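Peer 1: A single structure is presented below for examination.
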Amino acid sequence: MTTESSRADLDAIWAALTDSGVYVHPSLASKVTPEHVSQIQANVARIDEPVFVIAYPLNYDDEFNGGVDDLVATLHDHDPQPGIYLATDTKFGEVRIGGKSWDTDTDDYGVSQAGYAAGHKEPDNLGDQLVAATQMMADGTVAEGYAAFEEAAAARRESSQSPSSTSSYDDGGSTGVIVGASLAVAIVVVAVWLALSWRRFKRERGDIPNRTKAFTLPASVVERVRDAHDSALIARADRELLALGEAIDETDLAGDTAAWQAALDHYDAAKRVRGESARPDVLDVVGALVLVGRGRDALEAASAGRPYAPARPCYFHPLHGTAAAMTPLTTDSGKVVVPLCTQCRRDLKAHRRPDILDVVRDGRPVHYFDSGVEPWASTGYGALEPDLVTQLHRTRR
């Protein structure tokens with residue numbers, strides 16, 4: 001639920017966006033300087049579509065659940081202006097950009113490409129990254145920038161798989177393992193994925209008849225779907241796993257002992273799930289990200305000298321962040337009550353299909369909770385059963 005303080009924050013953000021197109025939170029003023037803002041505004045002025053740029057310090061316990069998508073969706077709900085919304089993701093101390101779009105020719109995938117391309121071009125400076133993203137959008141060079149990002153990622157993958165490369169269990173995980181796919185293939189694959197998902201959703205509603213012969217993607221296309229869909233998640237899991245390992249090494253053992261043990265247990269579990277494979281199951285990659293997030297929360301609790309209790313993620317998609325409230329759902333098996341994030345609750349209320357974590361199985365998209373992959377399917381990644389570490393040990397001996 002939106003509080004009075006968060007409504008006041010949204011008003012302040014929109015006042016800045018209406019005035020200049022850019023909002024910079026005071027805590028990020030040293031990273032996004034007035035010079036950066038001027039360059040961003042000059043770039044945005046050359047873009048045919050409205051662009052809103054938000055530099056905001058996200059945290060897991062804020063009103064946006066620490067998520068860029070939730071931040072921009074909340075802003076759009078507060079004042080539904082059409083446009084491209086670019087926002088910063090700072091909750092892991094990294095420099096990253098994400099966002100979404102509403103009623104523009106640039107879709108969410110294009111916004112994501114701009115973020116990854118800018119991150120590749122300017123990896124160390126938040127202001128420079130926002131300038132790079134808006135400049136590529138203005139120049140029409142996002143596709144070229146994203147292709148450069150994928151080429152670099154593929155080179156890192158080849159280097160990590162070379163005979164001379166080594167890995168250590170104690171170093172926080174492998175670095176930058178990522179599967180590259182060509183931009184043209186990625187665009188086609190995303191279109192096919194969306195078409196399949198939408199057709200299945202319409203069938204579930206009864207809008208189109210269910211056919212006895214299911215459409216099956218060719219094996220080669222399925223492989224490219226996996227490459228295009230999973231590459232960013234694999235890279236993110238490796239970065240965040242490494243960051244957690246370094247944070248544990250750099251933090252003095254003090255405070256709540258049980259919370260410290262929880263941080264170590266979740267870190268070890270995340271490394272186990274991530275494994276050494278360059279092509280892990282995407283559901284395990286998501287599981288590693290969930291476990292890393294919990295490990296970081298436990299580490300913060302230990303450092304603060306307070307007990308750790310895992311938060312319940314959104315049941316539809318655990319990477320949406322912490323659930324906002326329990327929500328009743330009607331399924332084929334009857335009524336159930338599950339924790340959902342703010343955006344998924346909004347989608348259900350508006351009779352929109354929420355963003356559910358899907359995977360490809362036998363050429364068809366399947367909800368993760370129908371996949372049978374444990375411990376994720378039965379626990380909802382901790383949404384239904386909070387003790388993920390114990391469940392992992394029980395299901396994967």
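Residues are named by chain letter and number: chains run A, B, ... in the order of the structure tokens, numbers start at 1 in each chain, and ligands are numbered from 1 in the order shown.
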Taking 2 positions as the minimum chain separation for residues in the same chain, which residues sit within 7 Å of stretch 23-34 of chain A when counting only C-alpha atoms? Answer as a list in words.
Peer 2: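 The filter keeps Ile13, Ala16, Leu17, Gly21, His36, Val37, Ser38, Val53, Ile54, Ala55, Tyr56, Leu126 and Gly127 of chain A.
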Peer 1: Could the residues in this selection be written to a file with C-alpha atoms, as an mmCIF file, in the first residue's frame?
Peer 2:
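As a result, out.cif now contains:
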data_model
loop_
_atom_site.group_PDB
_atom_site.id
_atom_site.type_symbol
_atom_site.label_atom_id
_atom_site.label_comp_id
_atom_site.auth_asym_id
_atom_site.auth_seq_id
_atom_site.Cartn_x
_atom_site.Cartn_y
_atom_site.Cartn_z
ATOM 1 C CA ILE A 13 9.661 13.097 -8.620
ATOM 2 C CA ALA A 16 11.074 17.381 -11.445
ATOM 3 C CA LEU A 17 10.183 15.207 -14.429
ATOM 4 C CA GLY A 21 12.543 15.441 -17.662
ATOM 5 C CA HIS A 36 25.276 15.004 -16.544
ATOM 6 C CA VAL A 37 21.731 16.357 -16.298
ATOM 7 C CA SER A 38 22.443 18.971 -18.972
ATOM 8 C CA VAL A 53 15.040 9.759 -16.452
ATOM 9 C CA ILE A 54 14.981 8.877 -12.752
ATOM 10 C CA ALA A 55 18.078 8.478 -10.551
ATOM 11 C CA TYR A 56 16.701 6.891 -7.384
ATOM 12 C CA LEU A 126 26.069 6.226 -13.102
ATOM 13 C CA GLY A 127 25.809 9.689 -14.641
#
Peer 1: Mind checking which residues fall within 10 Å of A:Leu264, counting only C-alpha atoms, ignoring those fewer than 6 positions away in the same chain, and posting them as a ChimeraX atom specification?
Peer 2: /A:244-245,248,258,270,295-296,298-299
Peer 1: I'd like the neighbourhood of A:Ile84 as a ChimeraX atom specification, where a residue qualifies if any of its atoms comes within 9 Å (using only C-alpha atoms), though same-chain residues fewer than 5 positions away should be ignored.
Peer 2: /A:49-53,99-104,106-108,111
Peer 1: Find the residues near A:His266: any atom within 8 Å, counting only C-alpha atoms, skip ones fewer than 4 places away on the same chain, and give them as a ChimeraX atom specification.
Peer 2: /A:262,270,291-292,294-295,389
Peer 1: Save the residues we just selected, N, CA and C atoms, as a PDB file, in the first residue's frame?
Peer 2:
ATOM      1  N   ALA A 262      22.987 -17.775   8.659  1.00  0.00           N
ATOM      2  CA  ALA A 262      22.020 -17.741   7.553  1.00  0.00           C
ATOM      3  C   ALA A 262      22.654 -17.137   6.303  1.00  0.00           C
ATOM      4  N   ALA A 270      23.487 -20.819  -2.849  1.00  0.00           N
ATOM      5  CA  ALA A 270      23.457 -20.136  -4.147  1.00  0.00           C
ATOM      6  C   ALA A 270      24.581 -20.635  -5.044  1.00  0.00           C
ATOM      7  N   LEU A 291      18.454 -16.768  -3.591  1.00  0.00           N
ATOM      8  CA  LEU A 291      19.292 -17.148  -2.449  1.00  0.00           C
ATOM      9  C   LEU A 291      20.341 -16.077  -2.162  1.00  0.00           C
ATOM     10  N   VAL A 292      20.913 -15.480  -3.194  1.00  0.00           N
ATOM     11  CA  VAL A 292      21.876 -14.403  -2.989  1.00  0.00           C
ATOM     12  C   VAL A 292      21.214 -13.208  -2.306  1.00  0.00           C
ATOM     13  N   ARG A 294      18.662 -13.229  -0.351  1.00  0.00           N
ATOM     14  CA  ARG A 294      18.421 -13.575   1.048  1.00  0.00           C
ATOM     15  C   ARG A 294      19.723 -13.576   1.841  1.00  0.00           C
ATOM     16  N   GLY A 295      20.801 -14.029   1.213  1.00  0.00           N
ATOM     17  CA  GLY A 295      22.089 -13.997   1.887  1.00  0.00           C
ATOM     18  C   GLY A 295      22.512 -12.584   2.220  1.00  0.00           C
ATOM     19  N   VAL A 389      16.682 -23.047   1.981  1.00  0.00           N
ATOM     20  CA  VAL A 389      17.917 -23.812   2.132  1.00  0.00           C
ATOM     21  C   VAL A 389      17.606 -25.250   2.534  1.00  0.00           C
TER      22      VAL A 389
END
Peer 1: Return as a VMD selection string the full set of residues in stretch 14-178 of chain A whose backbone-based DSSP assignment is strand (DSSP E).
Peer 2: chain A and resid 22 to 24 51 to 55 83 to 89 96 to 102
